[in-house]
>>> print(open('structure.pdb').read())   # PDB, C-alpha atoms
ATOM      1  CA  GLU A  58       9.891  -6.998 -18.108
ATOM      2  CA  VAL A  59      11.078  -8.396 -21.426
ATOM      3  CA  ASN A  60       8.772  -6.105 -23.392
ATOM      4  CA  GLU A  61       9.902  -3.128 -21.341
ATOM      5  CA  ALA A  62      13.581  -3.918 -21.926
ATOM      6  CA  TRP A  63      12.861  -4.479 -25.625
ATOM      7  CA  SER A  64      11.013  -1.179 -25.997
ATOM      8  CA  GLY A  65      12.237   0.905 -28.921
ATOM      9  CA  LEU A  66      14.136  -1.919 -30.625
ATOM     10  CA  GLY A  67      11.359  -2.998 -32.972
ATOM     11  CA  TYR A  68      10.722  -6.606 -34.037
ATOM     12  CA  TYR A  69       8.724  -7.118 -30.848
ATOM     13  CA  SER A  70       7.819 -10.675 -31.787
ATOM     14  CA  ARG A  71      11.474 -11.548 -31.220
ATOM     15  CA  GLY A  72      11.235 -10.373 -27.641
ATOM     16  CA  ARG A  73       8.187 -12.545 -27.070
ATOM     17  CA  ARG A  74       9.862 -15.553 -28.662
ATOM     18  CA  LEU A  75      12.980 -15.003 -26.586
ATOM     19  CA  PHE A  76      10.832 -15.102 -23.457
ATOM     20  CA  GLU A  77       8.943 -18.178 -24.659
ATOM     21  CA  GLY A  78      12.198 -19.942 -25.495
ATOM     22  CA  ALA A  79      13.657 -19.175 -22.073
ATOM     23  CA  GLN A  80      10.519 -20.516 -20.409
ATOM     24  CA  LYS A  81      10.734 -23.751 -22.392
ATOM     25  CA  VAL A  82      14.413 -24.229 -21.563
ATOM     26  CA  VAL A  83      13.615 -23.890 -17.858
ATOM     27  CA  SER A  84      10.340 -25.824 -17.722
ATOM     28  CA  GLU A  85      10.863 -28.581 -20.294
ATOM     29  CA  LEU A  86      14.600 -28.884 -20.903
ATOM     30  CA  LYS A  87      15.753 -28.812 -17.276
ATOM     31  CA  GLY A  88      17.619 -25.546 -17.817
ATOM     32  CA  GLU A  89      19.831 -27.032 -20.529
ATOM     33  CA  MET A  90      20.082 -25.009 -23.728
ATOM     34  CA  PRO A  91      20.127 -27.134 -26.900
ATOM     35  CA  LYS A  92      23.640 -27.045 -28.346
ATOM     36  CA  THR A  93      23.243 -28.189 -31.954
ATOM     37  CA  ALA A  94      21.593 -26.403 -34.843
ATOM     38  CA  GLY A  95      19.173 -29.272 -35.337
ATOM     39  CA  ASP A  96      18.040 -29.331 -31.714
ATOM     40  CA  LEU A  97      17.819 -25.545 -31.482
ATOM     41  CA  GLU A  98      15.548 -25.355 -34.511
ATOM     42  CA  LYS A  99      13.466 -28.316 -33.384
ATOM     43  CA  LYS A 100      13.046 -27.566 -29.694
ATOM     44  CA  LEU A 101      12.894 -23.772 -29.343
ATOM     45  CA  PRO A 102       9.943 -21.698 -30.595
ATOM     46  CA  GLY A 103      10.772 -19.034 -33.153
ATOM     47  CA  VAL A 104      14.249 -20.403 -33.925
ATOM     48  CA  GLY A 105      14.695 -20.972 -37.640
ATOM     49  CA  ARG A 106      17.500 -22.459 -39.667
ATOM     50  CA  TYR A 107      19.627 -19.307 -39.758
ATOM     51  CA  THR A 108      19.246 -18.480 -36.059
ATOM     52  CA  ALA A 109      19.963 -22.088 -35.118
ATOM     53  CA  GLY A 110      23.138 -22.119 -37.197
ATOM     54  CA  ALA A 111      24.290 -18.813 -35.740
ATOM     55  CA  ILE A 112      23.746 -19.852 -32.106
ATOM     56  CA  ALA A 113      25.216 -23.326 -32.576
ATOM     57  CA  SER A 114      28.376 -22.127 -34.317
ATOM     58  CA  ILE A 115      29.029 -18.924 -32.364
ATOM     59  CA  ALA A 116      27.960 -19.997 -28.871
ATOM     60  CA  PHE A 117      28.721 -23.722 -28.936
ATOM     61  CA  GLY A 118      31.342 -24.131 -31.655
ATOM     62  CA  GLU A 119      29.348 -26.528 -33.825
ATOM     63  CA  VAL A 120      30.873 -26.855 -37.282
ATOM     64  CA  THR A 121      27.874 -25.688 -39.263
ATOM     65  CA  GLY A 122      27.331 -22.960 -41.816
ATOM     66  CA  LEU A 123      24.607 -20.368 -41.962
ATOM     67  CA  VAL A 124      22.871 -18.397 -44.683
ATOM     68  CA  ASP A 125      21.377 -14.905 -44.518
ATOM     69  CA  GLY A 126      21.034 -12.153 -47.107
ATOM     70  CA  ASN A 127      24.657 -11.059 -46.771
ATOM     71  CA  VAL A 128      25.990 -14.601 -47.029
ATOM     72  CA  VAL A 129      23.818 -15.281 -50.072
ATOM     73  CA  ARG A 130      25.291 -12.240 -51.808
ATOM     74  CA  VAL A 131      28.872 -13.241 -50.980
ATOM     75  CA  LEU A 132      28.384 -16.837 -52.118
ATOM     76  CA  SER A 133      26.509 -15.706 -55.241
ATOM     77  CA  ARG A 134      29.471 -13.637 -56.345
ATOM     78  CA  LEU A 135      32.153 -16.074 -55.220
ATOM     79  CA  ARG A 136      30.627 -18.914 -57.226
ATOM     80  CA  ALA A 137      28.869 -16.832 -59.911
ATOM     81  CA  ILE A 138      25.443 -18.165 -58.977
ATOM     82  CA  GLY A 139      22.860 -15.975 -60.638
ATOM     83  CA  ALA A 140      19.712 -18.010 -60.135
ATOM     84  CA  ASN A 141      16.725 -16.843 -58.113
ATOM     85  CA  SER A 142      17.532 -17.603 -54.479
ATOM     86  CA  THR A 143      13.854 -18.006 -53.608
ATOM     87  CA  LEU A 144      13.901 -21.330 -55.435
ATOM     88  CA  PRO A 145      14.293 -24.211 -52.959
ATOM     89  CA  GLU A 146      17.037 -25.932 -54.952
ATOM     90  CA  VAL A 147      19.063 -22.717 -55.134
ATOM     91  CA  MET A 148      18.752 -22.036 -51.406
ATOM     92  CA  ASP A 149      19.731 -25.638 -50.734
ATOM     93  CA  ALA A 150      22.856 -25.032 -52.818
ATOM     94  CA  PHE A 151      23.739 -21.988 -50.700
ATOM     95  CA  TRP A 152      23.333 -23.962 -47.484
ATOM     96  CA  LYS A 153      25.432 -26.803 -48.877
ATOM     97  CA  LEU A 154      28.187 -24.339 -49.800
ATOM     98  CA  SER A 155      28.082 -22.701 -46.387
ATOM     99  CA  HIS A 156      28.530 -26.067 -44.676
ATOM    100  CA  GLU A 157      31.418 -26.981 -46.975
ATOM    101  CA  LEU A 158      33.253 -23.675 -46.533
ATOM    102  CA  VAL A 159      32.905 -23.135 -42.773
ATOM    103  CA  ASP A 160      36.178 -23.241 -40.839
ATOM    104  CA  PRO A 161      36.155 -26.391 -38.667
ATOM    105  CA  GLU A 162      38.479 -24.768 -36.133
ATOM    106  CA  LYS A 163      36.554 -21.505 -35.694
ATOM    107  CA  PRO A 164      33.079 -21.918 -37.202
ATOM    108  CA  GLY A 165      31.560 -19.039 -35.242
ATOM    109  CA  ASP A 166      34.263 -16.585 -36.275
ATOM    110  CA  PHE A 167      33.994 -17.726 -39.883
ATOM    111  CA  ASN A 168      30.230 -17.292 -40.010
ATOM    112  CA  GLN A 169      30.416 -13.842 -38.440
ATOM    113  CA  ALA A 170      33.148 -12.889 -40.927
ATOM    114  CA  MET A 171      30.995 -13.997 -43.866
ATOM    115  CA  MET A 172      28.071 -11.896 -42.651
ATOM    116  CA  GLU A 173      30.330  -8.910 -42.000
ATOM    117  CA  LEU A 174      31.986  -9.264 -45.400
ATOM    118  CA  GLY A 175      28.594  -9.031 -47.078
ATOM    119  CA  ALA A 176      27.477  -6.139 -44.898
ATOM    120  CA  THR A 177      30.576  -3.938 -45.265
ATOM    121  CA  VAL A 178      32.583  -4.970 -48.354
ATOM    122  CA  CYS A 179      30.530  -7.154 -50.696
ATOM    123  CA  THR A 180      27.628  -4.717 -50.578
ATOM    124  CA  PRO A 181      24.558  -4.689 -52.860
ATOM    125  CA  LYS A 182      25.668  -1.474 -54.573
ATOM    126  CA  LEU A 183      29.271  -0.511 -55.375
ATOM    127  CA  PRO A 184      31.007  -3.464 -53.679
ATOM    128  CA  GLN A 185      34.524  -2.662 -52.447
ATOM    129  CA  CYS A 186      36.264  -5.381 -54.455
ATOM    130  CA  GLY A 187      39.672  -3.753 -54.004
ATOM    131  CA  GLN A 188      39.378  -4.309 -50.241
ATOM    132  CA  CYS A 189      37.950  -7.823 -50.428
ATOM    133  CA  PRO A 190      40.216 -10.483 -48.872
ATOM    134  CA  VAL A 191      38.764 -13.226 -51.093
ATOM    135  CA  ARG A 192      38.598 -11.447 -54.448
ATOM    136  CA  ALA A 193      41.223 -13.839 -55.854
ATOM    137  CA  LEU A 194      38.652 -16.618 -55.389
ATOM    138  CA  CYS A 195      35.668 -14.632 -56.675
ATOM    139  CA  ARG A 196      34.252 -15.725 -60.037
ATOM    140  CA  ALA A 197      32.083 -12.620 -60.419
ATOM    141  CA  TYR A 198      35.132 -10.380 -59.871
ATOM    142  CA  ALA A 199      37.136 -12.431 -62.362
ATOM    143  CA  ARG A 200      34.389 -12.120 -64.966
ATOM    144  CA  THR A 201      34.119  -8.374 -64.450
ATOM    145  CA  GLU A 202      37.878  -7.890 -64.736
ATOM    146  CA  ASN A 203      37.906 -10.097 -67.813
ATOM    147  CA  ASP A 204      35.158  -7.978 -69.391
ATOM    148  CA  LYS A 205      37.099  -4.783 -68.624
ATOM    149  CA  LYS A 206      40.289  -6.134 -70.190
ATOM    150  CA  THR A 207      38.410  -7.312 -73.242
ATOM    151  CA  ALA A 208      36.711  -3.927 -73.676
ATOM    152  CA  ALA A 209      40.046  -2.122 -73.295
ATOM    153  CA  LYS A 210      41.662  -4.283 -75.943
ATOM    154  CA  ARG A 211      38.826  -3.625 -78.349
ATOM    155  CA  ILE A 212      39.240   0.117 -77.883
ATOM    156  CA  CYS A 213      43.035   0.235 -78.046
ATOM    157  CA  THR A 214      43.823  -2.200 -80.822
ATOM    158  CA  GLU A 215      42.311  -4.276 -83.554
ATOM    159  CA  VAL A 216      42.748  -7.959 -83.084
ATOM    160  CA  LYS A 217      41.687 -10.984 -84.970
ATOM    161  CA  LYS A 218      38.307 -12.366 -84.047
ATOM    162  CA  GLU A 219      39.651 -15.719 -82.963
ATOM    163  CA  SER A 220      42.198 -14.174 -80.580
ATOM    164  CA  ASN A 221      40.219 -11.201 -79.279
ATOM    165  CA  GLY A 222      40.090 -10.726 -75.507
ATOM    166  CA  ALA A 223      41.049 -12.910 -72.579
ATOM    167  CA  PRO A 224      40.056 -16.575 -72.359
ATOM    168  CA  GLU A 225      36.551 -17.279 -71.147
ATOM    169  CA  ILE A 226      36.116 -18.196 -67.492
ATOM    170  CA  ILE A 227      33.975 -21.297 -67.277
ATOM    171  CA  ASP A 228      31.941 -22.254 -64.224
ATOM    172  CA  ILE A 229      32.160 -25.792 -62.946
ATOM    173  CA  GLU A 230      28.374 -25.805 -62.714
ATOM    174  CA  CYS A 231      28.084 -24.917 -66.396
ATOM    175  CA  LEU A 232      29.647 -28.230 -67.395
ATOM    176  CA  VAL A 233      26.286 -29.722 -66.450
ATOM    177  CA  PRO A 234      23.603 -29.390 -69.158
ATOM    178  CA  ASP A 235      20.749 -26.986 -68.360
ATOM    179  CA  CYS A 236      22.490 -25.485 -65.316
ATOM    180  CA  LYS A 237      19.981 -23.568 -63.167
ATOM    181  CA  PHE A 238      22.555 -21.650 -61.134
ATOM    182  CA  CYS A 239      24.227 -19.463 -63.795
ATOM    183  CA  LEU A 240      23.289 -16.182 -65.396
ATOM    184  CA  PRO A 241      23.013 -16.136 -69.203
ATOM    185  CA  SER A 242      26.320 -15.471 -70.942
ATOM    186  CA  ASP A 243      25.173 -11.998 -72.030
ATOM    187  CA  ALA A 244      24.306 -10.850 -68.469
ATOM    188  CA  PRO A 245      27.177  -8.697 -67.076
ATOM    189  CA  TRP A 246      28.171  -9.163 -63.437
ATOM    190  CA  ASP A 247      28.994  -5.505 -62.843
ATOM    191  CA  LYS A 248      25.529  -4.205 -63.714
ATOM    192  CA  GLU A 249      22.032  -4.614 -62.319
ATOM    193  CA  PRO A 250      20.730  -8.024 -63.442
ATOM    194  CA  ASP A 251      17.283  -8.582 -64.855
ATOM    195  CA  SER A 252      14.894  -9.030 -61.934
ATOM    196  CA  ARG A 253      13.604 -12.125 -63.641
ATOM    197  CA  LEU A 254      16.995 -13.745 -63.174
ATOM    198  CA  THR A 255      17.664 -13.001 -59.520
ATOM    199  CA  GLY A 256      16.241 -10.890 -56.750
ATOM    200  CA  ILE A 257      19.082 -11.391 -54.338
ATOM    201  CA  LEU A 258      22.465 -11.237 -56.076
ATOM    202  CA  PHE A 259      22.817  -7.479 -55.952
ATOM    203  CA  ASN A 260      19.962  -6.083 -53.890
ATOM    204  CA  GLY A 261      20.445  -8.450 -50.948
ATOM    205  CA  SER A 262      16.726  -8.728 -50.184
ATOM    206  CA  LEU A 263      15.163 -11.804 -48.658
ATOM    207  CA  PRO A 264      11.516 -12.737 -48.170
ATOM    208  CA  ASP A 265      10.100 -11.797 -44.777
ATOM    209  CA  SER A 266       9.787 -15.483 -43.868
ATOM    210  CA  TRP A 267      13.607 -15.714 -43.749
TER     211      TRP A 267
END
>>> encode(input="structure.pdb", output="C-alpha cells")
Amino acid sequence: EVNEAWSGLGYYSRGRRLFEGAQKVVSELKGEMPKTAGDLEKKLPGVGRYTAGAIASIAFGEVTGLVDGNVVRVLSRLRAIGANSTLPEVMDAFWKLSHELVDPEKPGDFNQAMMELGATVCTPKLPQCGQCPVRALCRAYARTENDKKTAAKRICTEVKKESNGAPEIIDIECLVPDCKFCLPSDAPWDKEPDSRLTGILFNGSLPDSW
C-alpha cells in the first residue's frame, strides 16, 4: 500500500524507510514517536541528522537547528564562509551556527524559513539580495557592495592610494591564523568561485549521502 501511494513520486527508498520506521514505532517503541533529534536519528531507520532536526523542531518544537543545501548556502553568504563544505570541520561549523541561530520560541518556523530563504531568495544563481530580509547582516552582500563602490570610485575619480575605496570588511574568523573558512582575498563574492575552493557556496549541491 505504501509503494502504491508513493508511486510516481520517486525516491522510492524513502517510502520503504517510512514504512520500516512506522513498523518500528509500533512494534518496538510502544507506538511512541521519538521526540528529540538525537532519539529520532538513533532509533528510526533511514533518519539522518537533517531529517531528525527537521522533525524534532517542526513537529515537536525542539530547539535545534538543521542543515541542508539551502541552509548551507545562506549561512555561507551570511558569514562569508568559502571553504569546501564537504570537509567535516566545515560542516560541523555550519551545524554549530544553525544551533546558535535557531529561534528558541519558534524553532520549526525558523528552520523552515531558512530553507525557504535559500530556495527562493538566496539562490545559487542571481540571488535576490534586494528582497532578502537579512541582507543587512550578510557579509557576502557587504563585500559585494563594497567592491562595487570601490570600482565606481576608481572609474569616477582619482584618489590617493592610501585612501582609495571603502574600508575593508574583516571576518571574525580571519583574526585566527590560517583560517580554513574564508575565501582568498582576491576571490570575489559576486562571481563563480574556483571549484577548488568550494562546491557548495553558489551551486548549492550536496553529496548524495546527505
>>> residues_around(input="structure.pdb", residues="A:Trp152", least_positions_apart="5", cutoff="8 Å", atoms="all atoms listed in the file", output="ChimeraX atom specification")
/A:122-124
>>> write_last_selection(input="structure.pdb", atoms="C-alpha atoms", output="PDB file, keeping the file's coordinate frame")
ATOM      1  CA  GLY A 122      27.331 -22.960 -41.816  1.00  0.00           C
ATOM      2  CA  LEU A 123      24.607 -20.368 -41.962  1.00  0.00           C
ATOM      3  CA  VAL A 124      22.871 -18.397 -44.683  1.00  0.00           C
TER       4      VAL A 124
END
>>> atom_distance(input="structure.pdb", atom1="atom CA of A:Val147", atom2="atom CA of A:Glu119")
24.0 Å
>>> resolve_selection(input="structure.pdb", expression="the PyMOL selection byres ((chain A and resi 72) around 12)", output="ChimeraX atom specification")
/A:58-71,73-79,102-103
>>> resolve_selection(input="structure.pdb", expression="the PyMOL selection byres ((chain A and resi 166) around 12)", output="PDB file with C-alpha atoms, in the frame of the given file")
ATOM      1  CA  ALA A 111      24.290 -18.813 -35.740  1.00  0.00           C
ATOM      2  CA  ILE A 112      23.746 -19.852 -32.106  1.00  0.00           C
ATOM      3  CA  ALA A 113      25.216 -23.326 -32.576  1.00  0.00           C
ATOM      4  CA  SER A 114      28.376 -22.127 -34.317  1.00  0.00           C
ATOM      5  CA  ILE A 115      29.029 -18.924 -32.364  1.00  0.00           C
ATOM      6  CA  ALA A 116      27.960 -19.997 -28.871  1.00  0.00           C
ATOM      7  CA  PHE A 117      28.721 -23.722 -28.936  1.00  0.00           C
ATOM      8  CA  GLY A 118      31.342 -24.131 -31.655  1.00  0.00           C
ATOM      9  CA  GLU A 119      29.348 -26.528 -33.825  1.00  0.00           C
ATOM     10  CA  VAL A 120      30.873 -26.855 -37.282  1.00  0.00           C
ATOM     11  CA  THR A 121      27.874 -25.688 -39.263  1.00  0.00           C
ATOM     12  CA  GLY A 122      27.331 -22.960 -41.816  1.00  0.00           C
ATOM     13  CA  LEU A 123      24.607 -20.368 -41.962  1.00  0.00           C
ATOM     14  CA  VAL A 159      32.905 -23.135 -42.773  1.00  0.00           C
ATOM     15  CA  ASP A 160      36.178 -23.241 -40.839  1.00  0.00           C
ATOM     16  CA  PRO A 161      36.155 -26.391 -38.667  1.00  0.00           C
ATOM     17  CA  GLU A 162      38.479 -24.768 -36.133  1.00  0.00           C
ATOM     18  CA  LYS A 163      36.554 -21.505 -35.694  1.00  0.00           C
ATOM     19  CA  PRO A 164      33.079 -21.918 -37.202  1.00  0.00           C
ATOM     20  CA  GLY A 165      31.560 -19.039 -35.242  1.00  0.00           C
ATOM     21  CA  PHE A 167      33.994 -17.726 -39.883  1.00  0.00           C
ATOM     22  CA  ASN A 168      30.230 -17.292 -40.010  1.00  0.00           C
ATOM     23  CA  GLN A 169      30.416 -13.842 -38.440  1.00  0.00           C
ATOM     24  CA  ALA A 170      33.148 -12.889 -40.927  1.00  0.00           C
ATOM     25  CA  MET A 171      30.995 -13.997 -43.866  1.00  0.00           C
ATOM     26  CA  MET A 172      28.071 -11.896 -42.651  1.00  0.00           C
ATOM     27  CA  GLU A 173      30.330  -8.910 -42.000  1.00  0.00           C
ATOM     28  CA  LEU A 174      31.986  -9.264 -45.400  1.00  0.00           C
TER      29      LEU A 174
END
>>> closest_residue(input="structure.pdb", among="A:Leu97, A:Arg130, A:Pro145, A:Ile138", to="A:Pro184", atoms="only C-alpha atoms")
A:Arg130
>>> residues_around(input="structure.pdb", residues="A:Asp125", least_positions_apart="2", cutoff="8 Å", atoms="all atoms listed in the file", output="ChimeraX atom specification")
/A:107,123,127-129,172,267
>>> residues_around(input="structure.pdb", residues="A:Gln185", least_positions_apart="5", cutoff="12 Å", atoms="all atoms listed in the file", output="ChimeraX atom specification")
/A:174-180,190-192,198
>>> write_last_selection(input="structure.pdb", atoms="C-alpha atoms", output="PDB file, keeping the file's coordinate frame")
ATOM      1  CA  LEU A 174      31.986  -9.264 -45.400  1.00  0.00           C
ATOM      2  CA  GLY A 175      28.594  -9.031 -47.078  1.00  0.00           C
ATOM      3  CA  ALA A 176      27.477  -6.139 -44.898  1.00  0.00           C
ATOM      4  CA  THR A 177      30.576  -3.938 -45.265  1.00  0.00           C
ATOM      5  CA  VAL A 178      32.583  -4.970 -48.354  1.00  0.00           C
ATOM      6  CA  CYS A 179      30.530  -7.154 -50.696  1.00  0.00           C
ATOM      7  CA  THR A 180      27.628  -4.717 -50.578  1.00  0.00           C
ATOM      8  CA  PRO A 190      40.216 -10.483 -48.872  1.00  0.00           C
ATOM      9  CA  VAL A 191      38.764 -13.226 -51.093  1.00  0.00           C
ATOM     10  CA  ARG A 192      38.598 -11.447 -54.448  1.00  0.00           C
ATOM     11  CA  TYR A 198      35.132 -10.380 -59.871  1.00  0.00           C
TER      12      TYR A 198
END
>>> atom_distance(input="structure.pdb", atom1="atom CA of A:Arg136", atom2="atom CA of A:Arg196")
5.6 Å
>>> atom_distance(input="structure.pdb", atom1="atom CA of A:Gly187", atom2="atom CA of A:Glu202")
11.6 Å
>>> closest_residue(input="structure.pdb", among="A:Gly126, A:Gly110, A:Gly139, A:Pro181", to="A:Thr93", atoms="only C-alpha atoms")
A:Gly110
>>> closest_residue(input="structure.pdb", among="A:Leu194, A:Leu132, A:Ala140, A:Cys186", to="A:Leu154", atoms="all atoms listed in the file")
A:Leu132
>>> axis_aligned_box(input="structure.pdb", around="stretch 134-146 of chain A", padding_each_side="4 Å", output="JSON")
{"center_x": 23.0, "center_y": -19.8, "center_z": -56.8, "size_x": 26.3, "size_y": 20.3, "size_z": 15.7}
>>> closest_residue(input="structure.pdb", among="A:Asp204, A:Val82, A:Phe151, A:His156", to="A:Arg134", atoms="all atoms listed in the file")
A:Phe151
>>> closest_residue(input="structure.pdb", among="A:Ser155, A:Lys81, A:Lys87, A:Ala199", to="A:Lys100", atoms="all atoms listed in the file")
A:Lys81
